[in-house]
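Chemist: target15.txt is reproduced below (compact mmCIF, C-alpha atoms).
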```txt
# COMPACT_ATOMS: atom_id res chain seq x y z
CA MET J 27 0.00 0.00 0.00
CA ASN J 28 1.17 3.50 -0.73
CA ALA J 29 0.22 6.77 1.00
CA ASP J 30 -2.77 7.36 -1.27
CA ASP J 31 -4.12 3.89 -0.47
CA VAL J 32 -3.85 4.56 3.26
CA ALA J 33 -5.58 7.96 2.96
CA ARG J 34 -8.35 6.44 0.85
CA TYR J 35 -8.85 3.60 3.31
CA LEU J 36 -9.19 5.99 6.27
CA ARG J 37 -11.73 8.10 4.37
CA GLU J 38 -13.75 5.02 3.48
CA HIS J 39 -13.60 3.68 7.05
CA PRO J 40 -14.26 6.67 9.36
CA ASP J 41 -14.71 4.36 12.38
CA PHE J 42 -11.18 3.01 12.14
CA MET J 43 -9.58 5.62 14.41
CA SER J 44 -12.30 5.34 17.08
CA GLU J 45 -11.87 1.56 17.09
CA HIS J 46 -8.09 1.86 17.36
CA GLY J 47 -7.73 4.92 19.61
CA GLU J 48 -4.38 3.74 20.92
CA ILE J 49 -2.90 4.76 17.57
CA PHE J 50 -3.28 8.42 18.51
CA ALA J 51 -0.80 7.93 21.35
CA GLU J 52 1.63 5.94 19.23
CA ILE J 53 1.81 7.92 15.98
CA THR J 54 4.13 10.95 16.03
CA VAL J 55 4.30 13.80 13.53
CA PRO J 56 6.56 16.86 13.12
CA HIS J 57 5.76 19.83 15.39
CA PRO J 58 3.99 22.51 13.27
CA HIS J 59 6.45 25.16 14.51
CA GLY J 60 9.58 23.02 14.52
CA GLY J 61 11.16 21.11 17.34
CA GLN J 62 10.71 17.50 18.40
CA ALA J 63 8.03 15.18 17.13
CA ILE J 64 4.63 15.18 18.85
CA THR J 65 1.69 12.83 18.90
CA LEU J 66 -1.13 13.11 16.40
CA ALA J 67 -3.47 14.29 19.18
CA GLU J 68 -1.05 17.07 20.16
CA ARG J 69 -0.75 18.12 16.52
CA GLN J 70 -4.53 18.35 16.30
CA LEU J 71 -4.55 20.50 19.44
CA HIS J 72 -2.03 22.90 17.89
CA ALA J 73 -4.15 23.09 14.74
CA LEU J 74 -7.22 23.97 16.82
CA ARG J 75 -5.30 26.68 18.68
CA ASP J 76 -4.14 28.18 15.38
CA LYS J 77 -7.71 28.16 14.13
CA ILE J 78 -8.91 29.89 17.31
CA ARG J 79 -6.27 32.60 16.89
CA GLN J 80 -7.38 33.18 13.32
CA LEU J 81 -11.01 33.46 14.43
CA GLU J 82 -10.02 35.90 17.18
CA VAL J 83 -8.27 38.12 14.65
CA LYS J 84 -11.30 37.97 12.35
CA LEU J 85 -13.66 38.78 15.21
CA ALA J 86 -11.54 41.77 16.24
CA GLU J 87 -11.63 42.98 12.63
CA LEU J 88 -15.42 42.64 12.45
CA ILE J 89 -15.80 44.52 15.73
CA ARG J 90 -13.59 47.32 14.42
CA PHE J 91 -15.61 47.55 11.20
CA GLY J 92 -18.82 47.64 13.23
CA GLU J 93 -17.51 50.45 15.42
CA GLU J 94 -16.39 52.42 12.36
CA ASN J 95 -19.82 51.98 10.74
CA ASP J 96 -21.53 53.11 13.94
CA GLU J 97 -19.37 56.23 13.98
CA ILE J 98 -20.12 57.01 10.33
CA GLY J 99 -23.81 56.39 10.95
CA GLU J 100 -23.78 58.89 13.82
CA LYS J 101 -22.10 61.48 11.61
CA MET J 102 -24.65 60.89 8.86
CA HIS J 103 -27.41 61.38 11.40
CA ARG J 104 -25.96 64.72 12.53
CA LEU J 105 -25.55 65.86 8.95
CA GLY J 106 -29.11 64.86 8.11
CA LEU J 107 -30.48 66.85 11.04
CA ALA J 108 -28.43 69.89 10.07
CA LEU J 109 -29.70 69.74 6.48
CA LEU J 110 -33.32 69.34 7.59
CA GLU J 111 -33.06 72.26 9.97
CA ALA J 112 -31.46 74.56 7.38
CA ASP J 113 -33.93 76.98 5.80
CA GLY J 114 -33.02 78.19 2.33
CA TYR J 115 -30.48 77.09 -0.23
CA GLU J 116 -27.52 79.01 1.17
CA LEU J 117 -28.03 77.61 4.67
CA VAL J 118 -28.42 74.10 3.26
CA ARG J 119 -25.20 74.53 1.31
CA HIS J 120 -23.39 75.86 4.37
CA ALA J 121 -24.62 72.95 6.52
CA LEU J 122 -23.53 70.44 3.88
CA LEU J 123 -20.03 71.85 3.42
CA ARG J 124 -19.47 72.34 7.13
CA GLY J 125 -20.64 68.82 7.96
CA LEU J 126 -18.44 67.18 5.32
CA GLN J 127 -15.37 69.23 6.11
CA ASP J 128 -15.60 69.37 9.89
CA ASP J 129 -17.28 66.09 10.85
CA PHE J 130 -16.12 63.83 8.02
CA ALA J 131 -12.78 65.61 7.54
CA VAL J 132 -13.23 65.86 3.76
CA PRO J 133 -10.89 68.70 2.80
CA HIS J 134 -12.40 69.68 -0.54
CA VAL J 135 -16.06 69.65 -1.60
CA ALA J 136 -17.79 70.88 -4.74
CA LEU J 137 -21.44 70.94 -5.75
CA ARG J 138 -22.86 71.35 -9.24
CA LEU J 139 -26.54 71.42 -10.16
CA TRP J 140 -28.25 71.48 -13.52
CA ASN J 141 -31.80 71.08 -14.79
CA SER J 142 -33.25 72.44 -11.54
CA VAL J 143 -36.56 74.28 -11.66
CA LEU J 144 -35.10 77.21 -9.70
CA SER J 145 -31.54 78.21 -10.47
CA ARG J 146 -29.39 80.67 -8.60
CA ASP J 147 -26.33 82.75 -9.21
CA GLY J 148 -23.05 81.27 -8.11
CA GLU J 149 -20.58 78.55 -8.98
CA ASP J 150 -22.94 75.74 -7.96
CA PHE J 151 -25.06 76.57 -11.01
CA SER J 152 -22.22 77.23 -13.46
CA GLU J 153 -22.42 75.64 -16.90
CA VAL J 154 -21.48 71.96 -16.92
CA GLY J 155 -20.02 70.35 -20.02
CA GLU J 156 -22.05 67.75 -21.89
CA GLY J 157 -19.34 65.14 -21.39
CA VAL J 158 -19.48 65.55 -17.62
CA ARG J 159 -23.27 65.29 -17.65
CA PHE J 160 -23.07 62.06 -19.61
CA PHE J 161 -20.40 60.76 -17.24
CA PHE J 162 -22.57 61.27 -14.15
CA GLY J 163 -25.65 60.08 -16.01
CA ASP J 164 -23.96 56.75 -16.73
CA LEU J 165 -22.91 56.13 -13.12
CA THR J 166 -24.87 53.46 -11.31
CA GLY J 167 -23.37 54.54 -7.99
CA PRO J 168 -20.61 56.74 -6.57
CA TYR J 169 -17.23 56.64 -8.30
CA CYS J 170 -14.16 56.40 -6.07
CA GLY J 171 -10.61 56.58 -7.28
CA ALA J 172 -8.12 58.77 -9.10
CA PRO J 173 -9.48 61.92 -10.77
CA THR J 174 -9.71 61.54 -14.52
CA ASN J 175 -11.68 64.60 -15.63
CA LEU J 176 -10.08 68.05 -15.75
CA GLU J 177 -13.38 69.93 -15.66
CA ILE J 178 -14.43 68.21 -12.44
CA LEU J 179 -11.06 69.02 -10.86
CA GLN J 180 -11.58 72.67 -11.77
CA TRP J 181 -14.70 72.68 -9.61
CA LEU J 182 -12.40 72.27 -6.61
CA GLY J 183 -10.66 75.56 -7.34
CA GLU J 184 -7.02 76.09 -6.43
CA ALA J 185 -6.84 72.66 -4.80
CA GLY J 186 -7.69 70.94 -8.09
CA PRO J 187 -4.09 70.27 -9.29
CA HIS J 188 -3.23 68.69 -5.95
CA ILE J 189 -6.19 66.30 -5.72
CA ARG J 190 -5.16 62.63 -5.87
CA SER J 191 -8.44 60.87 -5.12
CA VAL J 192 -12.11 61.74 -5.47
CA ALA J 193 -15.57 60.47 -4.66
CA LEU J 194 -18.04 61.50 -7.36
CA ILE J 195 -21.65 61.20 -6.24
CA PRO J 196 -24.50 61.67 -8.73
CA LEU J 197 -27.60 63.46 -7.43
CA ARG J 198 -30.83 62.04 -8.81
CA ARG J 199 -34.45 63.04 -9.17
CA ASP J 200 -36.71 60.17 -10.29
CA GLU J 201 -33.68 58.23 -11.58
CA ARG J 202 -32.54 61.24 -13.61
CA VAL J 203 -29.21 62.83 -12.67
CA TRP J 204 -29.59 66.55 -12.05
CA GLY J 205 -26.38 67.34 -10.21
CA ALA J 206 -23.21 66.07 -8.61
CA LEU J 207 -21.42 66.17 -5.29
CA VAL J 208 -17.63 65.93 -5.46
CA LEU J 209 -15.37 65.04 -2.54
CA GLY J 210 -11.65 65.47 -3.05
CA SER J 211 -8.47 64.68 -1.14
CA GLU J 212 -4.73 65.03 -1.61
CA GLU J 213 -4.38 61.48 -0.23
CA VAL J 214 -4.28 58.72 -2.84
CA GLU J 215 -5.95 56.18 -0.56
CA ARG J 216 -8.72 58.40 0.84
CA PHE J 217 -11.13 57.39 -1.94
CA TYR J 218 -10.06 54.24 -3.76
CA PRO J 219 -11.62 51.76 -6.23
CA GLY J 220 -13.29 48.89 -4.43
CA MET J 221 -14.07 50.79 -1.24
CA GLY J 222 -17.58 50.51 0.18
CA THR J 223 -19.94 53.14 -1.18
CA LEU J 224 -23.10 52.48 0.87
CA PHE J 225 -22.76 55.64 2.96
CA LEU J 226 -21.76 57.68 -0.09
CA SER J 227 -24.91 56.52 -1.88
CA ARG J 228 -27.02 57.45 1.14
CA LEU J 229 -25.30 60.82 1.29
CA GLY J 230 -26.23 61.43 -2.34
CA GLU J 231 -29.86 60.49 -1.70
CA LEU J 232 -30.02 62.73 1.36
CA VAL J 233 -28.45 65.75 -0.34
CA SER J 234 -30.60 65.33 -3.45
CA ALA J 235 -33.81 65.15 -1.39
CA VAL J 236 -32.97 68.27 0.61
CA LEU J 237 -31.95 70.24 -2.47
CA ARG J 238 -35.15 69.26 -4.30
CA ARG J 239 -37.03 70.82 -1.42
CA GLU J 240 -35.25 74.11 -2.04
CA LEU J 241 -34.98 74.09 -5.84
CA GLY J 242 -37.86 71.99 -7.08
```
Would you put the structure from the file into structure tokens?
Modeler:
Amino acid sequence: MNADDVARYLREHPDFMSEHGEIFAEITVPHPHGGQAITLAERQLHALRDKIRQLEVKLAELIRFGEENDEIGEKMHRLGLALLEADGYELVRHALLRGLQDDFAVPHVALRLWNSVLSRDGEDFSEVGEGVRFFFGDLTGPYCGAPTNLEILQWLGEAGPHIRSVALIPLRRDERVWGALVLGSEEVERFYPGMGTLFLSRLGELVSAVLRRELG
């Protein structure tokens, strides 16, 4: 018999080891971390301890993610209250920018709106190129990653040339994009491809709903 035959036999006869328990005390195998040989039972114990350590690390990671999500949720709640309490477009805009910059520590924020019933003077209602409109119209969710559009970077003013990552959030009314919220950072990893966008999507829905109240 070769090794494969032995392995196959043990799989086909699962009661073998329980019927010959003394084998556990007689068979020795290499220690998983070096050193002298140990019994099969001791090896199994080491394997279980390693598995427990892996589970502890995973549990600590899940707890940390949960705490981070709770913190973000609390910030979203505060921002939502501030937007609901703001009366008039300028106060809404101020509450939005202050919340994102102070509470979420987003250094650069830009807002652009088009196709609103009521327009205003100011950069938020400046002309937006057709290519940018199509870009946001094609998004199925927020875009996170390196900036790729010069016009969008220009919305961030003097900071534009120094921006290394962006979150581009389309604002929708009845599935139709009517504006965009842009978050920018000089840090490459602040907004990166593959990051979770659930809270960014909710932010877009919240901002769009509040702005529709003010602009129609």
Chemist: Please work out which residues fall within 12 Å of (-12.9, 68.0, 3.5), coordinates as given in the file, with only C-alpha atoms counting, and return them as a ChimeraX atom specification.
Modeler: /J:122-136,182,185,189,192-193,208-213,216
Chemist: Kindly indicate which residue among J:Cys170, J:Leu110, J:Leu176, J:Leu137 lies nearest to Gly205 (chain J), using all atoms listed in the file for the distances.
Modeler: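 Among J:Cys170, J:Leu110, J:Leu176, J:Leu137, it is J:Leu137 that comes nearest to Gly205 (chain J).
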Chemist: Using all atoms listed in the file for the distances, tell me which of J:Ala112, J:Leu241, J:Gly99, J:Thr166 is nearest to Phe151 (chain J).
Modeler: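 Among J:Ala112, J:Leu241, J:Gly99, J:Thr166, it is J:Leu241 that comes nearest to Phe151 (chain J).
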Chemist: Select, from J:Ala235, J:Ala172, J:Val83, J:Leu224, the residue with the minimum atom-to-atom distance to Asp200 (chain J), counting all atoms listed in the file.
Modeler: J:Ala235
Chemist: Dig up all the protein and nucleic acid residues within 10 Å of (-19.3, 64.6, -16.6) in the file frame, using only C-alpha atoms, and format them as a PyMOL selection string.
Modeler: chain J and resi 154-165+175-178+194+196+205-206
Chemist: Can you tell me, as AutoDock Vina command-line options, the centre and edge lengths (Å, one decimal) of the axis-aligned box enclosing all of region 131-143 of chain J's listed atoms after padding each side by 8 Å?
Modeler:
```
--center_x -23.7 --center_y 69.9 --center_z -3.6 --size_x 41.7 --size_y 24.7 --size_z 38.3
```
Chemist: Between CA of Lys77 (chain J) and CA of Pro40 (chain J), what distance in Å does the model show, to one decimal?
Modeler: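 Rounded to one decimal, the two atoms are 23.0 Å apart.
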